[in-house]
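For reference, input-v3.txt is printed below; it contains compact mmCIF, C-alpha atoms.
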# COMPACT_ATOMS: atom_id res chain seq x y z
CA MET L 3 -50.61 -25.11 77.07
CA ASN L 4 -48.53 -28.22 76.77
CA PHE L 5 -47.04 -29.95 73.76
CA ASN L 6 -49.98 -32.37 73.32
CA ASP L 7 -52.47 -29.50 73.32
CA LYS L 8 -50.49 -27.80 70.56
CA LYS L 9 -50.44 -31.04 68.55
CA ILE L 10 -54.21 -31.37 68.91
CA ILE L 11 -54.74 -27.78 67.78
CA LYS L 12 -52.44 -28.29 64.79
CA LEU L 13 -54.25 -31.52 63.93
CA GLU L 14 -57.61 -29.73 64.04
CA GLU L 15 -56.24 -26.96 61.82
CA LEU L 16 -54.95 -29.56 59.40
CA LYS L 17 -58.31 -31.35 59.33
CA ASN L 18 -60.05 -28.03 58.71
CA MET L 19 -57.66 -27.23 55.86
CA GLN L 20 -58.25 -30.67 54.37
CA LYS L 21 -62.03 -30.22 54.60
CA ASN L 22 -61.83 -26.80 52.92
CA PHE L 23 -59.57 -28.22 50.21
CA GLU L 24 -61.98 -31.08 49.51
CA GLU L 25 -64.91 -28.65 49.29
CA SER L 26 -62.93 -26.47 46.87
CA ILE L 27 -62.12 -29.51 44.72
CA LYS L 28 -65.81 -30.49 44.63
CA LYS L 29 -66.76 -26.97 43.52
CA LEU L 30 -64.05 -27.02 40.88
CA GLU L 31 -65.20 -30.41 39.57
CA LYS L 32 -68.78 -29.15 39.40
CA SER L 33 -67.69 -26.03 37.50
CA VAL L 34 -65.65 -28.08 35.05
CA ALA L 35 -68.58 -30.45 34.48
CA GLU L 36 -70.94 -27.51 33.88
CA SER L 37 -68.45 -25.96 31.47
CA VAL L 38 -68.18 -29.18 29.50
CA THR L 39 -71.96 -29.51 29.41
CA ASN L 40 -72.35 -25.91 28.28
CA LYS L 41 -69.74 -26.40 25.56
CA ILE L 42 -71.60 -29.45 24.27
CA LYS L 43 -74.88 -27.52 24.29
CA LEU L 44 -73.26 -24.59 22.47
CA GLU L 45 -71.84 -26.92 19.82
CA ALA L 46 -75.30 -28.45 19.32
CA ILE L 47 -76.85 -24.98 19.00
CA LYS L 48 -74.13 -23.97 16.55
CA LYS L 49 -74.84 -27.07 14.44
CA ASP L 50 -78.59 -26.39 14.50
CA LEU L 51 -78.03 -22.77 13.45
CA LYS L 52 -75.85 -23.86 10.53
CA GLU L 53 -78.53 -26.30 9.39
CA ALA L 54 -81.24 -23.67 9.76
CA ASN L 55 -79.12 -21.21 7.79
CA LEU L 56 -78.71 -23.73 4.95
CA LYS L 57 -82.47 -24.32 4.89
CA PHE L 58 -83.09 -20.58 4.88
CA ILE L 59 -80.69 -20.10 1.96
CA ASP L 60 -82.44 -22.93 0.09
CA ALA L 61 -85.86 -21.40 0.78
CA GLU L 62 -84.60 -18.00 -0.37
CA ARG L 63 -83.31 -19.57 -3.59
CA CYS L 64 -86.68 -21.25 -4.17
CA LEU L 65 -88.49 -17.94 -3.65
CA ASP L 66 -86.15 -16.20 -6.09
CA ASN L 67 -86.82 -18.94 -8.68
CA LEU L 68 -90.56 -18.63 -8.11
CA LYS L 69 -90.34 -14.86 -8.54
CA ILE L 70 -88.48 -15.33 -11.81
CA GLU L 71 -91.07 -17.86 -13.00
CA LEU L 72 -93.91 -15.51 -12.07
CA ASN L 73 -92.24 -12.60 -13.85
CA ASN L 74 -91.67 -14.79 -16.94
CA GLY L 75 -95.30 -15.91 -16.83
CA GLN L 76 -96.51 -12.30 -16.68
CA GLU L 77 -94.33 -11.39 -19.64
CA LEU L 78 -95.78 -14.30 -21.66
CA ASP L 79 -99.32 -13.14 -20.80
CA LYS L 80 -98.48 -9.64 -22.04
CA GLU L 81 -97.20 -11.01 -25.33
CA ASN L 82 -100.37 -13.04 -25.93

Transcribe the structure of this file into structure tokens.
Amino acid sequence: MNFNDKKIIKLEELKNMQKNFEESIKKLEKSVAESVTNKIKLEAIKKDLKEANLKFIDAERCLDNLKIELNNGQELDKEN
């Protein structure tokens, strides 16, 4: 094997390393993009859950008030 053959082999190895590196970078970029997308989705879900919780608390308060009104109404009926 002469010097030129060794250079060609080294060049091929270098090209292969570069190709593998570029593929790894593409996978990394894809993973980062998916992570960002998932984070955005999670934040949206978190916001929706907070809003739903506030509505649930409000509905619970309304039901408690209705229960009190019904109990007061029954007490008035008993008095009459």

Listed atoms of segment 9-17 of chain L boxed axis-aligned with 4 Å per side, centre + edges as JSON:
{"center_x": -54.4, "center_y": -29.2, "center_z": 64.1, "size_x": 15.9, "size_y": 12.6, "size_z": 17.6}

Quiz item: So how many Å separate atom CA of Lys43 of chain L and atom CA of Asn55 of chain L, to one decimal?
Solution: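 Value for the atom CA of Lys43 of chain L-atom CA of Asn55 of chain L distance: 18.2 Å.
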
Quiz prompt | Point-to-point distance from atom CA of Ile11 of chain L to atom CA of Ile27 of chain L, Å rounded to tenths | solution = 24.3 Å
